[in-house]
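Written below as structure tokens is the structure these notes are about.
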Amino acid sequence: MAHRVTLIPGDGIGPEVATAARLVLDAADVGIEWVERPAGTAALEDYGELMPEQTLDAIRSCRVALKGPITTPVGTGFRSVNVALRQDLDLFSAVRPARALPGVPIRHASVDLVVVRENTEDLYAGIEFERGSPEADALREELRALGGYEVRDDAGITVKPISVSGTRRIVRFAFEYARLNGRTKVTVGHKANVMRYSDGLFLQTAEQESRDFPDVDWQEIQIDHLTSRLAREPADFDVLLLPNLYGDIISDLCAGLVGGLGLIPGANIGWEYAVFEPVHGSAPDIAGQGTANPIAIILSGAMLLRHVGEHTAAENVEWAVDEVLARGEVRTPDLGGPSTTMQVAEEVATQVTAWEHGPS
Ligand code: NAD
């Protein structure tokens, strides 16, 4: 086998869409050996933890993974598995392309955006203090002593670290990505006027690093203004470079612009490892029905193929998805169709196998 890939089916609709993606990637016939490992609630039952060490070891050994969504139990004290995975493997960049797909009606004439999100810092760094805990009380006292800051004694606290080194690498990643993918502009979203020492530093570092990329335009915009501009004129933007929290929110907005969460792929990339996953979550409301849209994870699989150097196969899979969507006969309910997850996957796999189009 040419490529070893860890497959993590995940929770909710995860196993359904992961099986669908596997079918399509196998049809691309590039010799993938799948190393399937659990994470999420299934792993919790068997291993007592949401992300077992053996699953992390499998990713370290394969270096690439395709992952379904994982449910984060709310308010139970569990750290988000997704956040932990990105930090433990130092997957510092998230790439989430949102392009208008054939046959999927959208409100705008065209949308072709890529969100590049910093993946390890910011309010998602996981530095949190529970309301009423001795640690939160100690922190409140320290803040009072350091700067006279008064934090209410019934407050929970989440810390927002943004570093020069953490920002520099994501800025360079975004500009390199733009260069390599024929994109011409990087827009940095921030709220530097309010958060001067975190967002301000992100903006300042982006400005400095951008000087090494004179061939790529860059602009900065406040994050609230960006949301309204995106809703009205998405064609004005190309690559969006964002700190962690804003990147999470804006990628869902971009998903909405092109027809929904079932369509948007994603990659989490670090120096050593890369984990590919759809932007959507485990969708408990439709789990087990066999109707989840598998396109997002199939397109995540295409990103994986490109990452491991299988450019022609990646193009083949993307073309097959476009072909199936353009014909409009086989679609899941989120796109207004009656088809099941596996019917869509089988149709895409058939197109992959029938590919005569060749690399463009
Ligand atoms: P969600 O993305 O799971 O669902 C939002 C809505 O979109 C739902 O109505 C759902 O039915 C629909 N949807 C999502 N994916 C779809 C698909 N492929 N086909 C058709 N419809 C689809 O978001 P949520 O409900 O906020 O989160 C549910 C759980 O997923 C939470 O526990 C959350 O923490 C987790 N989550 C995990 C990841 C990840 O693993 N990367 C990402 C986001 C959310």
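Following the order of the structure tokens, first chain is A, next is B, and so on, with residues numbered from 1 inside each chain and ligands from 1 in the order they appear.
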
List all protein, DNA and RNA residues that have at least one atom no more than 8 Å from any atom of ligand 1, counting only C-alpha atoms and all ligand atoms, and write them as a PDB file with all heavy atoms, in the first residue's frame.
```
ATOM      1  N   GLY A  10     -15.524   8.564  14.500  1.00  0.00           N
ATOM      2  CA  GLY A  10     -16.102   9.606  15.350  1.00  0.00           C
ATOM      3  C   GLY A  10     -17.509   9.284  15.828  1.00  0.00           C
ATOM      4  O   GLY A  10     -17.921   8.124  15.870  1.00  0.00           O
ATOM      5  N   GLY A  12     -21.925  10.296  16.280  1.00  0.00           N
ATOM      6  CA  GLY A  12     -23.113  10.768  15.562  1.00  0.00           C
ATOM      7  C   GLY A  12     -23.093  10.309  14.111  1.00  0.00           C
ATOM      8  O   GLY A  12     -22.968   9.115  13.818  1.00  0.00           O
ATOM      9  N   ILE A  13     -23.163  11.255  13.185  1.00  0.00           N
ATOM     10  CA  ILE A  13     -23.130  10.902  11.756  1.00  0.00           C
ATOM     11  C   ILE A  13     -21.720  10.527  11.297  1.00  0.00           C
ATOM     12  O   ILE A  13     -21.541  10.115  10.144  1.00  0.00           O
ATOM     13  CB  ILE A  13     -23.660  12.054  10.862  1.00  0.00           C
ATOM     14  CG1 ILE A  13     -22.817  13.331  11.038  1.00  0.00           C
ATOM     15  CG2 ILE A  13     -25.133  12.320  11.134  1.00  0.00           C
ATOM     16  CD1 ILE A  13     -23.142  14.429  10.026  1.00  0.00           C
ATOM     17  N   VAL A  17     -20.679   8.971   7.549  1.00  0.00           N
ATOM     18  CA  VAL A  17     -19.991   9.712   6.485  1.00  0.00           C
ATOM     19  C   VAL A  17     -18.566   9.196   6.281  1.00  0.00           C
ATOM     20  O   VAL A  17     -18.030   9.250   5.168  1.00  0.00           O
ATOM     21  CB  VAL A  17     -20.016  11.248   6.730  1.00  0.00           C
ATOM     22  CG1 VAL A  17     -21.436  11.791   6.645  1.00  0.00           C
ATOM     23  CG2 VAL A  17     -19.345  11.649   8.037  1.00  0.00           C
ATOM     24  N   LYS A  67     -10.840  12.143   9.665  1.00  0.00           N
ATOM     25  CA  LYS A  67     -11.574  12.067  10.936  1.00  0.00           C
ATOM     26  C   LYS A  67     -13.013  12.523  10.763  1.00  0.00           C
ATOM     27  O   LYS A  67     -13.276  13.558  10.152  1.00  0.00           O
ATOM     28  CB  LYS A  67     -10.839  12.961  11.939  1.00  0.00           C
ATOM     29  CG  LYS A  67     -11.528  13.185  13.236  1.00  0.00           C
ATOM     30  CD  LYS A  67     -10.760  14.187  14.087  1.00  0.00           C
ATOM     31  CE  LYS A  67     -11.645  14.756  15.163  1.00  0.00           C
ATOM     32  NZ  LYS A  67     -12.793  15.528  14.661  1.00  0.00           N
ATOM     33  N   GLY A  68     -13.936  11.751  11.331  1.00  0.00           N
ATOM     34  CA  GLY A  68     -15.315  12.190  11.429  1.00  0.00           C
ATOM     35  C   GLY A  68     -15.459  13.120  12.622  1.00  0.00           C
ATOM     36  O   GLY A  68     -14.544  13.250  13.435  1.00  0.00           O
ATOM     37  N   PRO A  69     -16.621  13.759  12.757  1.00  0.00           N
ATOM     38  CA  PRO A  69     -16.819  14.678  13.874  1.00  0.00           C
ATOM     39  C   PRO A  69     -16.929  13.950  15.210  1.00  0.00           C
ATOM     40  O   PRO A  69     -17.320  12.787  15.256  1.00  0.00           O
ATOM     41  CB  PRO A  69     -18.139  15.362  13.532  1.00  0.00           C
ATOM     42  CG  PRO A  69     -18.850  14.401  12.641  1.00  0.00           C
ATOM     43  CD  PRO A  69     -17.794  13.679  11.875  1.00  0.00           C
ATOM     44  N   ILE A  70     -16.588  14.641  16.265  1.00  0.00           N
ATOM     45  CA  ILE A  70     -16.639  14.074  17.614  1.00  0.00           C
ATOM     46  C   ILE A  70     -17.479  14.983  18.506  1.00  0.00           C
ATOM     47  O   ILE A  70     -17.289  16.201  18.509  1.00  0.00           O
ATOM     48  CB  ILE A  70     -15.214  13.910  18.175  1.00  0.00           C
ATOM     49  CG1 ILE A  70     -14.485  12.830  17.367  1.00  0.00           C
ATOM     50  CG2 ILE A  70     -15.246  13.564  19.650  1.00  0.00           C
ATOM     51  CD1 ILE A  70     -13.039  12.672  17.695  1.00  0.00           C
ATOM     52  N   THR A  71     -18.394  14.369  19.230  1.00  0.00           N
ATOM     53  CA  THR A  71     -19.252  15.127  20.145  1.00  0.00           C
ATOM     54  C   THR A  71     -18.451  15.535  21.373  1.00  0.00           C
ATOM     55  O   THR A  71     -17.741  14.717  21.945  1.00  0.00           O
ATOM     56  CB  THR A  71     -20.438  14.251  20.594  1.00  0.00           C
ATOM     57  OG1 THR A  71     -21.150  13.842  19.434  1.00  0.00           O
ATOM     58  CG2 THR A  71     -21.361  15.009  21.530  1.00  0.00           C
ATOM     59  N   THR A  72     -18.570  16.810  21.736  1.00  0.00           N
ATOM     60  CA  THR A  72     -17.987  17.241  23.003  1.00  0.00           C
ATOM     61  C   THR A  72     -19.116  17.368  24.012  1.00  0.00           C
ATOM     62  O   THR A  72     -19.986  18.225  23.855  1.00  0.00           O
ATOM     63  CB  THR A  72     -17.290  18.611  22.854  1.00  0.00           C
ATOM     64  OG1 THR A  72     -16.274  18.490  21.870  1.00  0.00           O
ATOM     65  CG2 THR A  72     -16.679  19.051  24.164  1.00  0.00           C
ATOM     66  N   PRO A  73     -19.137  16.497  25.035  1.00  0.00           N
ATOM     67  CA  PRO A  73     -20.201  16.621  26.038  1.00  0.00           C
ATOM     68  C   PRO A  73     -20.148  18.019  26.673  1.00  0.00           C
ATOM     69  O   PRO A  73     -19.079  18.463  27.083  1.00  0.00           O
ATOM     70  CB  PRO A  73     -19.857  15.529  27.059  1.00  0.00           C
ATOM     71  CG  PRO A  73     -18.902  14.604  26.370  1.00  0.00           C
ATOM     72  CD  PRO A  73     -18.172  15.428  25.355  1.00  0.00           C
ATOM     73  N   VAL A  74     -21.281  18.709  26.691  1.00  0.00           N
ATOM     74  CA  VAL A  74     -21.294  20.087  27.183  1.00  0.00           C
ATOM     75  C   VAL A  74     -21.416  20.111  28.703  1.00  0.00           C
ATOM     76  O   VAL A  74     -22.217  19.377  29.277  1.00  0.00           O
ATOM     77  CB  VAL A  74     -22.475  20.874  26.566  1.00  0.00           C
ATOM     78  CG1 VAL A  74     -22.506  22.313  27.100  1.00  0.00           C
ATOM     79  CG2 VAL A  74     -22.367  20.882  25.055  1.00  0.00           C
ATOM     80  N   SER A  80     -12.575  19.695  25.036  1.00  0.00           N
ATOM     81  CA  SER A  80     -12.951  19.313  23.676  1.00  0.00           C
ATOM     82  C   SER A  80     -11.863  18.446  23.044  1.00  0.00           C
ATOM     83  O   SER A  80     -10.692  18.809  23.013  1.00  0.00           O
ATOM     84  CB  SER A  80     -13.160  20.564  22.816  1.00  0.00           C
ATOM     85  OG  SER A  80     -13.116  20.222  21.452  1.00  0.00           O
ATOM     86  N   VAL A  81     -12.265  17.280  22.529  1.00  0.00           N
ATOM     87  CA  VAL A  81     -11.303  16.376  21.899  1.00  0.00           C
ATOM     88  C   VAL A  81     -10.664  17.039  20.697  1.00  0.00           C
ATOM     89  O   VAL A  81      -9.475  16.860  20.414  1.00  0.00           O
ATOM     90  CB  VAL A  81     -12.015  15.110  21.403  1.00  0.00           C
ATOM     91  CG1 VAL A  81     -11.041  14.188  20.711  1.00  0.00           C
ATOM     92  CG2 VAL A  81     -12.647  14.384  22.540  1.00  0.00           C
ATOM     93  N   ASN A  82     -11.471  17.789  19.985  1.00  0.00           N
ATOM     94  CA  ASN A  82     -10.955  18.418  18.764  1.00  0.00           C
ATOM     95  C   ASN A  82      -9.880  19.442  19.098  1.00  0.00           C
ATOM     96  O   ASN A  82      -8.838  19.505  18.451  1.00  0.00           O
ATOM     97  CB  ASN A  82     -12.105  19.070  17.999  1.00  0.00           C
ATOM     98  CG  ASN A  82     -13.113  18.020  17.587  1.00  0.00           C
ATOM     99  OD1 ASN A  82     -12.770  17.044  16.957  1.00  0.00           O
ATOM    100  ND2 ASN A  82     -14.357  18.203  18.001  1.00  0.00           N
ATOM    101  N   GLY A 260     -24.361  25.140   3.003  1.00  0.00           N
ATOM    102  CA  GLY A 260     -24.552  24.374   4.236  1.00  0.00           C
ATOM    103  C   GLY A 260     -23.344  23.601   4.696  1.00  0.00           C
ATOM    104  O   GLY A 260     -22.387  23.385   3.942  1.00  0.00           O
ATOM    105  N   LEU A 261     -23.431  23.159   5.952  1.00  0.00           N
ATOM    106  CA  LEU A 261     -22.304  22.495   6.600  1.00  0.00           C
ATOM    107  C   LEU A 261     -21.949  21.158   5.960  1.00  0.00           C
ATOM    108  O   LEU A 261     -20.821  20.688   6.077  1.00  0.00           O
ATOM    109  CB  LEU A 261     -22.636  22.275   8.077  1.00  0.00           C
ATOM    110  CG  LEU A 261     -22.441  23.488   8.981  1.00  0.00           C
ATOM    111  CD1 LEU A 261     -23.117  23.256  10.324  1.00  0.00           C
ATOM    112  CD2 LEU A 261     -20.958  23.760   9.176  1.00  0.00           C
ATOM    113  N   GLY A 262     -22.898  20.542   5.296  1.00  0.00           N
ATOM    114  CA  GLY A 262     -22.636  19.235   4.688  1.00  0.00           C
ATOM    115  C   GLY A 262     -21.689  19.278   3.500  1.00  0.00           C
ATOM    116  O   GLY A 262     -21.365  18.243   2.917  1.00  0.00           O
ATOM    117  N   LEU A 263     -21.228  20.486   3.139  1.00  0.00           N
ATOM    118  CA  LEU A 263     -20.425  20.619   1.920  1.00  0.00           C
ATOM    119  C   LEU A 263     -18.988  21.086   2.146  1.00  0.00           C
ATOM    120  O   LEU A 263     -18.185  21.051   1.224  1.00  0.00           O
ATOM    121  CB  LEU A 263     -21.102  21.636   0.972  1.00  0.00           C
ATOM    122  CG  LEU A 263     -22.502  21.269   0.480  1.00  0.00           C
ATOM    123  CD1 LEU A 263     -23.151  22.455  -0.214  1.00  0.00           C
ATOM    124  CD2 LEU A 263     -22.421  20.077  -0.466  1.00  0.00           C
ATOM    125  N   GLU A 277     -10.810  16.707   8.107  1.00  0.00           N
ATOM    126  CA  GLU A 277     -12.135  16.464   8.684  1.00  0.00           C
ATOM    127  C   GLU A 277     -13.115  17.486   8.117  1.00  0.00           C
ATOM    128  O   GLU A 277     -12.739  18.594   7.750  1.00  0.00           O
ATOM    129  CB  GLU A 277     -12.097  16.598  10.207  1.00  0.00           C
ATOM    130  CG  GLU A 277     -11.673  17.972  10.689  1.00  0.00           C
ATOM    131  CD  GLU A 277     -11.711  18.116  12.212  1.00  0.00           C
ATOM    132  OE1 GLU A 277     -12.321  17.276  12.874  1.00  0.00           O
ATOM    133  OE2 GLU A 277     -11.130  19.096  12.706  1.00  0.00           O
ATOM    134  N   PRO A 278     -14.403  17.105   8.051  1.00  0.00           N
ATOM    135  CA  PRO A 278     -15.400  18.083   7.627  1.00  0.00           C
ATOM    136  C   PRO A 278     -15.540  19.165   8.682  1.00  0.00           C
ATOM    137  O   PRO A 278     -15.205  18.949   9.842  1.00  0.00           O
ATOM    138  CB  PRO A 278     -16.683  17.256   7.518  1.00  0.00           C
ATOM    139  CG  PRO A 278     -16.472  16.100   8.437  1.00  0.00           C
ATOM    140  CD  PRO A 278     -15.003  15.803   8.411  1.00  0.00           C
ATOM    141  N   VAL A 279     -16.041  20.328   8.262  1.00  0.00           N
ATOM    142  CA  VAL A 279     -16.241  21.414   9.224  1.00  0.00           C
ATOM    143  C   VAL A 279     -17.415  21.106  10.159  1.00  0.00           C
ATOM    144  O   VAL A 279     -17.433  21.520  11.314  1.00  0.00           O
ATOM    145  CB  VAL A 279     -16.470  22.750   8.463  1.00  0.00           C
ATOM    146  CG1 VAL A 279     -16.930  23.859   9.407  1.00  0.00           C
ATOM    147  CG2 VAL A 279     -15.196  23.169   7.748  1.00  0.00           C
ATOM    148  N   HIS A 280     -18.368  20.312   9.673  1.00  0.00           N
ATOM    149  CA  HIS A 280     -19.572  20.086  10.478  1.00  0.00           C
ATOM    150  C   HIS A 280     -19.306  19.218  11.717  1.00  0.00           C
ATOM    151  O   HIS A 280     -18.276  18.554  11.813  1.00  0.00           O
ATOM    152  CB  HIS A 280     -20.691  19.466   9.624  1.00  0.00           C
ATOM    153  CG  HIS A 280     -20.394  18.102   9.088  1.00  0.00           C
ATOM    154  ND1 HIS A 280     -20.374  16.980   9.871  1.00  0.00           N
ATOM    155  CD2 HIS A 280     -20.118  17.670   7.825  1.00  0.00           C
ATOM    156  CE1 HIS A 280     -20.114  15.916   9.122  1.00  0.00           C
ATOM    157  NE2 HIS A 280     -19.942  16.310   7.872  1.00  0.00           N
ATOM    158  N   GLY A 281     -20.277  19.223  12.633  1.00  0.00           N
ATOM    159  CA  GLY A 281     -20.191  18.418  13.835  1.00  0.00           C
ATOM    160  C   GLY A 281     -20.885  17.078  13.678  1.00  0.00           C
ATOM    161  O   GLY A 281     -21.169  16.632  12.549  1.00  0.00           O
ATOM    162  N   SER A 282     -21.191  16.446  14.810  1.00  0.00           N
ATOM    163  CA  SER A 282     -21.717  15.079  14.784  1.00  0.00           C
ATOM    164  C   SER A 282     -23.224  15.018  14.506  1.00  0.00           C
ATOM    165  O   SER A 282     -23.796  13.930  14.437  1.00  0.00           O
ATOM    166  CB  SER A 282     -21.408  14.386  16.113  1.00  0.00           C
ATOM    167  OG  SER A 282     -21.890  15.178  17.185  1.00  0.00           O
ATOM    168  N   ALA A 283     -23.852  16.178  14.356  1.00  0.00           N
ATOM    169  CA  ALA A 283     -25.268  16.290  13.954  1.00  0.00           C
ATOM    170  C   ALA A 283     -26.165  15.259  14.646  1.00  0.00           C
ATOM    171  O   ALA A 283     -26.787  14.426  13.981  1.00  0.00           O
ATOM    172  CB  ALA A 283     -25.385  16.178  12.424  1.00  0.00           C
ATOM    173  N   PRO A 284     -26.282  15.327  15.974  1.00  0.00           N
ATOM    174  CA  PRO A 284     -27.098  14.323  16.678  1.00  0.00           C
ATOM    175  C   PRO A 284     -28.551  14.294  16.203  1.00  0.00           C
ATOM    176  O   PRO A 284     -29.214  13.257  16.308  1.00  0.00           O
ATOM    177  CB  PRO A 284     -27.006  14.750  18.150  1.00  0.00           C
ATOM    178  CG  PRO A 284     -26.356  16.088  18.174  1.00  0.00           C
ATOM    179  CD  PRO A 284     -25.638  16.289  16.892  1.00  0.00           C
ATOM    180  N   ASP A 285     -29.021  15.422  15.650  1.00  0.00           N
ATOM    181  CA  ASP A 285     -30.427  15.471  15.211  1.00  0.00           C
ATOM    182  C   ASP A 285     -30.720  14.546  14.022  1.00  0.00           C
ATOM    183  O   ASP A 285     -31.863  14.153  13.818  1.00  0.00           O
ATOM    184  CB  ASP A 285     -30.847  16.920  14.881  1.00  0.00           C
ATOM    185  CG  ASP A 285     -29.922  17.625  13.891  1.00  0.00           C
ATOM    186  OD1 ASP A 285     -28.748  17.221  13.785  1.00  0.00           O
ATOM    187  OD2 ASP A 285     -30.379  18.571  13.228  1.00  0.00           O
ATOM    188  N   ILE A 286     -29.687  14.180  13.238  1.00  0.00           N
ATOM    189  CA  ILE A 286     -29.946  13.296  12.089  1.00  0.00           C
ATOM    190  C   ILE A 286     -29.118  12.006  12.161  1.00  0.00           C
ATOM    191  O   ILE A 286     -29.156  11.192  11.231  1.00  0.00           O
ATOM    192  CB  ILE A 286     -29.688  14.012  10.734  1.00  0.00           C
ATOM    193  CG1 ILE A 286     -28.253  14.547  10.664  1.00  0.00           C
ATOM    194  CG2 ILE A 286     -30.703  15.134  10.517  1.00  0.00           C
ATOM    195  CD1 ILE A 286     -27.853  14.964   9.245  1.00  0.00           C
ATOM    196  N   ALA A 287     -28.387  11.811  13.247  1.00  0.00           N
ATOM    197  CA  ALA A 287     -27.520  10.631  13.351  1.00  0.00           C
ATOM    198  C   ALA A 287     -28.336   9.347  13.307  1.00  0.00           C
ATOM    199  O   ALA A 287     -29.439   9.287  13.863  1.00  0.00           O
ATOM    200  CB  ALA A 287     -26.715  10.696  14.651  1.00  0.00           C
ATOM    201  N   THR A 291     -28.864   9.670   6.388  1.00  0.00           N
ATOM    202  CA  THR A 291     -29.179  10.730   5.421  1.00  0.00           C
ATOM    203  C   THR A 291     -28.194  11.897   5.464  1.00  0.00           C
ATOM    204  O   THR A 291     -28.394  12.907   4.782  1.00  0.00           O
ATOM    205  CB  THR A 291     -30.598  11.300   5.679  1.00  0.00           C
ATOM    206  OG1 THR A 291     -30.655  11.755   7.035  1.00  0.00           O
ATOM    207  CG2 THR A 291     -31.673  10.267   5.435  1.00  0.00           C
ATOM    208  N   ALA A 292     -27.150  11.782   6.271  1.00  0.00           N
ATOM    209  CA  ALA A 292     -26.176  12.881   6.355  1.00  0.00           C
ATOM    210  C   ALA A 292     -25.483  13.065   5.007  1.00  0.00           C
ATOM    211  O   ALA A 292     -25.218  12.089   4.290  1.00  0.00           O
ATOM    212  CB  ALA A 292     -25.145  12.568   7.430  1.00  0.00           C
ATOM    213  N   ASN A 293     -25.177  14.286   4.696  1.00  0.00           N
ATOM    214  CA  ASN A 293     -24.465  14.573   3.448  1.00  0.00           C
ATOM    215  C   ASN A 293     -22.988  14.188   3.610  1.00  0.00           C
ATOM    216  O   ASN A 293     -22.305  14.721   4.494  1.00  0.00           O
ATOM    217  CB  ASN A 293     -24.597  16.072   3.145  1.00  0.00           C
ATOM    218  CG  ASN A 293     -24.156  16.407   1.737  1.00  0.00           C
ATOM    219  OD1 ASN A 293     -23.403  15.656   1.130  1.00  0.00           O
ATOM    220  ND2 ASN A 293     -24.625  17.522   1.223  1.00  0.00           N
ATOM    221  N   PRO A 294     -22.472  13.302   2.760  1.00  0.00           N
ATOM    222  CA  PRO A 294     -21.068  12.894   2.906  1.00  0.00           C
ATOM    223  C   PRO A 294     -20.090  13.770   2.120  1.00  0.00           C
ATOM    224  O   PRO A 294     -18.885  13.544   2.158  1.00  0.00           O
ATOM    225  CB  PRO A 294     -21.077  11.479   2.314  1.00  0.00           C
ATOM    226  CG  PRO A 294     -22.103  11.561   1.219  1.00  0.00           C
ATOM    227  CD  PRO A 294     -23.149  12.549   1.681  1.00  0.00           C
ATOM    228  N   ILE A 295     -20.627  14.788   1.399  1.00  0.00           N
ATOM    229  CA  ILE A 295     -19.747  15.555   0.499  1.00  0.00           C
ATOM    230  C   ILE A 295     -18.605  16.232   1.269  1.00  0.00           C
ATOM    231  O   ILE A 295     -17.462  16.238   0.815  1.00  0.00           O
ATOM    232  CB  ILE A 295     -20.557  16.642  -0.280  1.00  0.00           C
ATOM    233  CG1 ILE A 295     -21.662  15.988  -1.116  1.00  0.00           C
ATOM    234  CG2 ILE A 295     -19.649  17.518  -1.116  1.00  0.00           C
ATOM    235  CD1 ILE A 295     -21.249  15.314  -2.367  1.00  0.00           C
ATOM    236  N   ALA A 296     -18.904  16.792   2.451  1.00  0.00           N
ATOM    237  CA  ALA A 296     -17.867  17.522   3.198  1.00  0.00           C
ATOM    238  C   ALA A 296     -16.690  16.606   3.534  1.00  0.00           C
ATOM    239  O   ALA A 296     -15.526  16.985   3.378  1.00  0.00           O
ATOM    240  CB  ALA A 296     -18.452  18.119   4.473  1.00  0.00           C
ATOM    241  N   ILE A 297     -16.987  15.393   3.978  1.00  0.00           N
ATOM    242  CA  ILE A 297     -15.862  14.512   4.350  1.00  0.00           C
ATOM    243  C   ILE A 297     -15.202  13.927   3.095  1.00  0.00           C
ATOM    244  O   ILE A 297     -13.989  13.699   3.067  1.00  0.00           O
ATOM    245  CB  ILE A 297     -16.289  13.412   5.355  1.00  0.00           C
ATOM    246  CG1 ILE A 297     -15.044  12.750   5.973  1.00  0.00           C
ATOM    247  CG2 ILE A 297     -17.199  12.402   4.746  1.00  0.00           C
ATOM    248  CD1 ILE A 297     -15.313  11.872   7.166  1.00  0.00           C
ATOM    249  N   THR A 332     -28.657  14.344  -0.842  1.00  0.00           N
ATOM    250  CA  THR A 332     -29.212  14.114   0.502  1.00  0.00           C
ATOM    251  C   THR A 332     -30.252  15.206   0.839  1.00  0.00           C
ATOM    252  O   THR A 332     -30.296  16.246   0.163  1.00  0.00           O
ATOM    253  CB  THR A 332     -28.061  14.113   1.532  1.00  0.00           C
ATOM    254  OG1 THR A 332     -27.172  15.182   1.224  1.00  0.00           O
ATOM    255  CG2 THR A 332     -27.344  12.794   1.543  1.00  0.00           C
ATOM    256  N   PRO A 333     -31.067  14.979   1.877  1.00  0.00           N
ATOM    257  CA  PRO A 333     -32.161  15.910   2.192  1.00  0.00           C
ATOM    258  C   PRO A 333     -31.726  17.352   2.467  1.00  0.00           C
ATOM    259  O   PRO A 333     -32.474  18.287   2.185  1.00  0.00           O
ATOM    260  CB  PRO A 333     -32.802  15.290   3.437  1.00  0.00           C
ATOM    261  CG  PRO A 333     -32.490  13.834   3.339  1.00  0.00           C
ATOM    262  CD  PRO A 333     -31.148  13.748   2.697  1.00  0.00           C
ATOM    263  N   ASP A 334     -30.518  17.564   3.006  1.00  0.00           N
ATOM    264  CA  ASP A 334     -30.086  18.949   3.269  1.00  0.00           C
ATOM    265  C   ASP A 334     -29.982  19.755   1.978  1.00  0.00           C
ATOM    266  O   ASP A 334     -30.048  20.980   2.000  1.00  0.00           O
ATOM    267  CB  ASP A 334     -28.742  18.970   4.018  1.00  0.00           C
ATOM    268  CG  ASP A 334     -27.646  18.233   3.262  1.00  0.00           C
ATOM    269  OD1 ASP A 334     -27.866  17.077   2.857  1.00  0.00           O
ATOM    270  OD2 ASP A 334     -26.575  18.823   3.069  1.00  0.00           O
TER     271      ASP A 334
END
```

Point to revise | Residues near Asp238 of chain A, cut-off 8 Å, only C-alpha atoms, skip fewer than 2 positions along chain, as a PyMOL selection string | key: chain A and resi 112-114+183-187+235-236+240

Review point. Using the chain letters and numbers from this document, which residues of segment 83-313 of chain A does DSSP assign to strand (DSSP E or B), as a PyMOL selection string?
Key: chain A and resi 93-99+112-118+128-129+157-158+185-190+217-222+239-242+267-269+274-276

Exercise for review: Show which residues sit within 9 Å of Ala125 of chain A, as a PyMOL selection string. Count only C-alpha atoms, and ignore same-chain residues fewer than 6 positions away.
Suggested key: chain A and resi 83-84+87+119+158-161+244

Check your understanding: Of the residues A:Asp252, A:Glu150, A:Glu346, A:Glu16, which is the one nearest to Pro97 of chain A, using only C-alpha atoms?
Key -> A:Asp252

Exercise for review: Using only C-alpha atoms, determine which residues lie at most 8 Å from Val35 of chain A, disregarding the query and same-chain residues fewer than 5 positions distant; provide the list as a ChimeraX atom specification.
Suggested key: /A:4-7,58

Export of the given selection (C-alpha atoms) as a PDB file, in the first residue's frame:
```pdb
ATOM      1  CA  ARG A   4      -1.187   4.545   5.534  1.00  0.00           C
ATOM      2  CA  VAL A   5      -4.056   6.706   6.741  1.00  0.00           C
ATOM      3  CA  THR A   6      -5.636   6.674  10.206  1.00  0.00           C
ATOM      4  CA  LEU A   7      -9.425   6.625   9.956  1.00  0.00           C
ATOM      5  CA  ALA A  58      -1.757   5.766  15.068  1.00  0.00           C
TER       6      ALA A  58
END
```
